Amino acid sequence: MPQREDPRLAEARALPIAEVADRLGIAGLKPPQGIERIGPCPVCGGRDRFGINTARNVYNCRHCGGGDAIALVELVKGCEFRAALDWLMGAREVEIDPAELARRKAAREKDARERSKQAEAARRN
């Protein structure tokens, strides 16, 4: 029997990286200067080696690496993929209502359009 993809996965990957960083309590990032927030890595320190890019919805550390919201939770919490997904989206115990999935998808698409507009505005400046 083929394994079904966890429906939480797409939703977790679409979470705004800045919100995930806030939930993780990542402090010391300079206020947004366009689409990037820079500061010390929450794991390895440094002064300005860590950043989140809100337009691309990713983070990067010049020492630890980078990735999406799930990878950021893995890095900061020191956990594996499934634990990071559970932390972000809650444990997978029940099937999610299709109407709720559609509502969440519409919200993700709206957020993606807004991030795209912000990135375009930042490129023009």
# chains A, B, ... in the order shown; residues from 1 in each chain; ligands from 1
>>> closest_atom_pairs(of="region 99-125 of chain A", to="region 41-57 of chain A", cutoff="8 Å", atoms="only C-alpha atoms", output="CSV")
residue,atom,partner,partner_atom,distance
A:Arg115,CA,A:Ala55,CA,5.1
A:Ser116,CA,A:Ala55,CA,6.3
A:Gln118,CA,A:Ala55,CA,6.9
A:Ala119,CA,A:Ala55,CA,5.3
>>> write_last_selection(atoms="N, CA and C atoms", output="JSON list (two decimals), in the first residue's frame")
[["chain", "number", "residue", "atom", "x", "y", "z"],
["A", 115, "ARG", "N", 3.99, 37.91, 0.18],
["A", 115, "ARG", "CA", 5.46, 37.84, 0.22],
["A", 115, "ARG", "C", 6.06, 38.19, -1.14],
["A", 116, "SER", "N", 5.39, 37.75, -2.20],
["A", 116, "SER", "CA", 5.86, 38.05, -3.55],
["A", 116, "SER", "C", 5.79, 39.55, -3.82],
["A", 118, "GLN", "N", 5.96, 41.92, -1.55],
["A", 118, "GLN", "CA", 7.01, 42.53, -0.73],
["A", 118, "GLN", "C", 8.36, 42.38, -1.41],
["A", 119, "ALA", "N", 8.63, 41.21, -1.94],
["A", 119, "ALA", "CA", 9.91, 40.98, -2.62],
["A", 119, "ALA", "C", 10.05, 41.86, -3.85]]
>>> select_by_dssp(residues="chain A", states="helix (DSSP H, G or I)", output="ChimeraX atom specification")
/A:8-14,17-24,69-77,81-89,98-124
>>> atom_distance(atom1="CA of Arg82 (chain A)", atom2="CA of Gly25 (chain A)")
20.4 Å
>>> closest_residue(among="A:Ala106, A:Pro98, A:Ile70, A:Ala122", to="Leu15 (chain A)", atoms="only C-alpha atoms")
A:Ile70
>>> residues_around(residues="Lys105 (chain A)", least_positions_apart="2", cutoff="12 Å", atoms="only C-alpha atoms", output="PDB file with N, CA, C and O atoms, in the first residue's frame")
ATOM      1  N   PRO A   7      -0.646  15.539   5.337  1.00  0.00           N
ATOM      2  CA  PRO A   7      -1.253  16.786   4.861  1.00  0.00           C
ATOM      3  C   PRO A   7      -0.704  18.024   5.578  1.00  0.00           C
ATOM      4  O   PRO A   7      -0.842  19.132   5.084  1.00  0.00           O
ATOM      5  N   ARG A   8      -0.062  17.833   6.719  1.00  0.00           N
ATOM      6  CA  ARG A   8       0.501  18.963   7.458  1.00  0.00           C
ATOM      7  C   ARG A   8       1.768  19.496   6.805  1.00  0.00           C
ATOM      8  O   ARG A   8       2.180  20.622   7.058  1.00  0.00           O
ATOM      9  N   LEU A   9       2.399  18.694   5.960  1.00  0.00           N
ATOM     10  CA  LEU A   9       3.695  19.041   5.394  1.00  0.00           C
ATOM     11  C   LEU A   9       3.648  20.327   4.570  1.00  0.00           C
ATOM     12  O   LEU A   9       4.440  21.243   4.791  1.00  0.00           O
ATOM     13  N   ALA A  10       2.737  20.414   3.625  1.00  0.00           N
ATOM     14  CA  ALA A  10       2.640  21.618   2.777  1.00  0.00           C
ATOM     15  C   ALA A  10       2.305  22.841   3.614  1.00  0.00           C
ATOM     16  O   ALA A  10       2.853  23.926   3.397  1.00  0.00           O
ATOM     17  N   GLU A  11       1.440  22.657   4.592  1.00  0.00           N
ATOM     18  CA  GLU A  11       1.064  23.774   5.453  1.00  0.00           C
ATOM     19  C   GLU A  11       2.258  24.252   6.284  1.00  0.00           C
ATOM     20  O   GLU A  11       2.488  25.450   6.426  1.00  0.00           O
ATOM     21  N   ALA A  12       3.035  23.325   6.809  1.00  0.00           N
ATOM     22  CA  ALA A  12       4.210  23.689   7.611  1.00  0.00           C
ATOM     23  C   ALA A  12       5.247  24.417   6.761  1.00  0.00           C
ATOM     24  O   ALA A  12       5.853  25.396   7.194  1.00  0.00           O
ATOM     25  N   ARG A  13       5.452  23.958   5.543  1.00  0.00           N
ATOM     26  CA  ARG A  13       6.440  24.595   4.658  1.00  0.00           C
ATOM     27  C   ARG A  13       6.001  25.995   4.243  1.00  0.00           C
ATOM     28  O   ARG A  13       6.828  26.824   3.884  1.00  0.00           O
ATOM     29  N   ALA A  14       4.703  26.260   4.278  1.00  0.00           N
ATOM     30  CA  ALA A  14       4.190  27.568   3.870  1.00  0.00           C
ATOM     31  C   ALA A  14       4.109  28.563   5.027  1.00  0.00           C
ATOM     32  O   ALA A  14       3.840  29.733   4.800  1.00  0.00           O
ATOM     33  N   LEU A  15       4.364  28.105   6.251  1.00  0.00           N
ATOM     34  CA  LEU A  15       4.317  29.033   7.384  1.00  0.00           C
ATOM     35  C   LEU A  15       5.333  30.156   7.188  1.00  0.00           C
ATOM     36  O   LEU A  15       6.472  29.890   6.777  1.00  0.00           O
ATOM     37  N   PRO A  98     -11.796  18.381   4.992  1.00  0.00           N
ATOM     38  CA  PRO A  98     -11.427  18.939   3.690  1.00  0.00           C
ATOM     39  C   PRO A  98     -11.718  20.440   3.561  1.00  0.00           C
ATOM     40  O   PRO A  98     -10.963  21.167   2.927  1.00  0.00           O
ATOM     41  N   ALA A  99     -12.797  20.911   4.173  1.00  0.00           N
ATOM     42  CA  ALA A  99     -13.096  22.348   4.120  1.00  0.00           C
ATOM     43  C   ALA A  99     -12.025  23.145   4.863  1.00  0.00           C
ATOM     44  O   ALA A  99     -11.625  24.223   4.428  1.00  0.00           O
ATOM     45  N   GLU A 100     -11.545  22.603   5.977  1.00  0.00           N
ATOM     46  CA  GLU A 100     -10.476  23.263   6.729  1.00  0.00           C
ATOM     47  C   GLU A 100      -9.181  23.273   5.917  1.00  0.00           C
ATOM     48  O   GLU A 100      -8.461  24.268   5.888  1.00  0.00           O
ATOM     49  N   LEU A 101      -8.886  22.171   5.237  1.00  0.00           N
ATOM     50  CA  LEU A 101      -7.700  22.128   4.380  1.00  0.00           C
ATOM     51  C   LEU A 101      -7.793  23.178   3.279  1.00  0.00           C
ATOM     52  O   LEU A 101      -6.798  23.851   2.970  1.00  0.00           O
ATOM     53  N   ALA A 102      -8.965  23.340   2.680  1.00  0.00           N
ATOM     54  CA  ALA A 102      -9.155  24.343   1.628  1.00  0.00           C
ATOM     55  C   ALA A 102      -8.968  25.752   2.186  1.00  0.00           C
ATOM     56  O   ALA A 102      -8.338  26.601   1.542  1.00  0.00           O
ATOM     57  N   ARG A 103      -9.494  26.014   3.377  1.00  0.00           N
ATOM     58  CA  ARG A 103      -9.331  27.323   4.012  1.00  0.00           C
ATOM     59  C   ARG A 103      -7.855  27.610   4.275  1.00  0.00           C
ATOM     60  O   ARG A 103      -7.365  28.686   3.986  1.00  0.00           O
ATOM     61  N   ALA A 107      -5.383  30.539   2.624  1.00  0.00           N
ATOM     62  CA  ALA A 107      -4.601  31.453   3.463  1.00  0.00           C
ATOM     63  C   ALA A 107      -3.122  31.395   3.095  1.00  0.00           C
ATOM     64  O   ALA A 107      -2.447  32.428   3.032  1.00  0.00           O
ATOM     65  N   ARG A 108      -2.595  30.178   2.829  1.00  0.00           N
ATOM     66  CA  ARG A 108      -1.186  30.038   2.418  1.00  0.00           C
ATOM     67  C   ARG A 108      -0.931  30.755   1.105  1.00  0.00           C
ATOM     68  O   ARG A 108       0.075  31.435   0.935  1.00  0.00           O
ATOM     69  N   GLU A 109      -1.857  30.595   0.147  1.00  0.00           N
ATOM     70  CA  GLU A 109      -1.704  31.238  -1.154  1.00  0.00           C
ATOM     71  C   GLU A 109      -1.731  32.754  -1.020  1.00  0.00           C
ATOM     72  O   GLU A 109      -0.962  33.459  -1.681  1.00  0.00           O
ATOM     73  N   LYS A 110      -2.599  33.270  -0.159  1.00  0.00           N
ATOM     74  CA  LYS A 110      -2.666  34.707   0.081  1.00  0.00           C
ATOM     75  C   LYS A 110      -1.346  35.195   0.677  1.00  0.00           C
ATOM     76  O   LYS A 110      -0.804  36.217   0.241  1.00  0.00           O
ATOM     77  N   ASP A 111      -0.806  34.461   1.658  1.00  0.00           N
ATOM     78  CA  ASP A 111       0.487  34.833   2.260  1.00  0.00           C
ATOM     79  C   ASP A 111       1.598  34.821   1.215  1.00  0.00           C
ATOM     80  O   ASP A 111       2.455  35.700   1.197  1.00  0.00           O
ATOM     81  N   ALA A 112       1.588  33.822   0.336  1.00  0.00           N
ATOM     82  CA  ALA A 112       2.616  33.728  -0.707  1.00  0.00           C
ATOM     83  C   ALA A 112       2.523  34.923  -1.657  1.00  0.00           C
ATOM     84  O   ALA A 112       3.552  35.477  -2.056  1.00  0.00           O
TER      85      ALA A 112
END
>>> closest_residue(among="A:Arg104, A:Ala91, A:Tyr59, A:Gln33", to="Val76 (chain A)", atoms="only C-alpha atoms")
A:Tyr59
>>> atom_distance(atom1="CA of Glu114 (chain A)", atom2="CA of Phe81 (chain A)")
27.6 Å
>>> select_by_dssp(residues="region 26-76 of chain A", states="strand (DSSP E or B)", output="PyMOL selection string")
chain A and resi 33+36-41+45-53+58-61+65-67
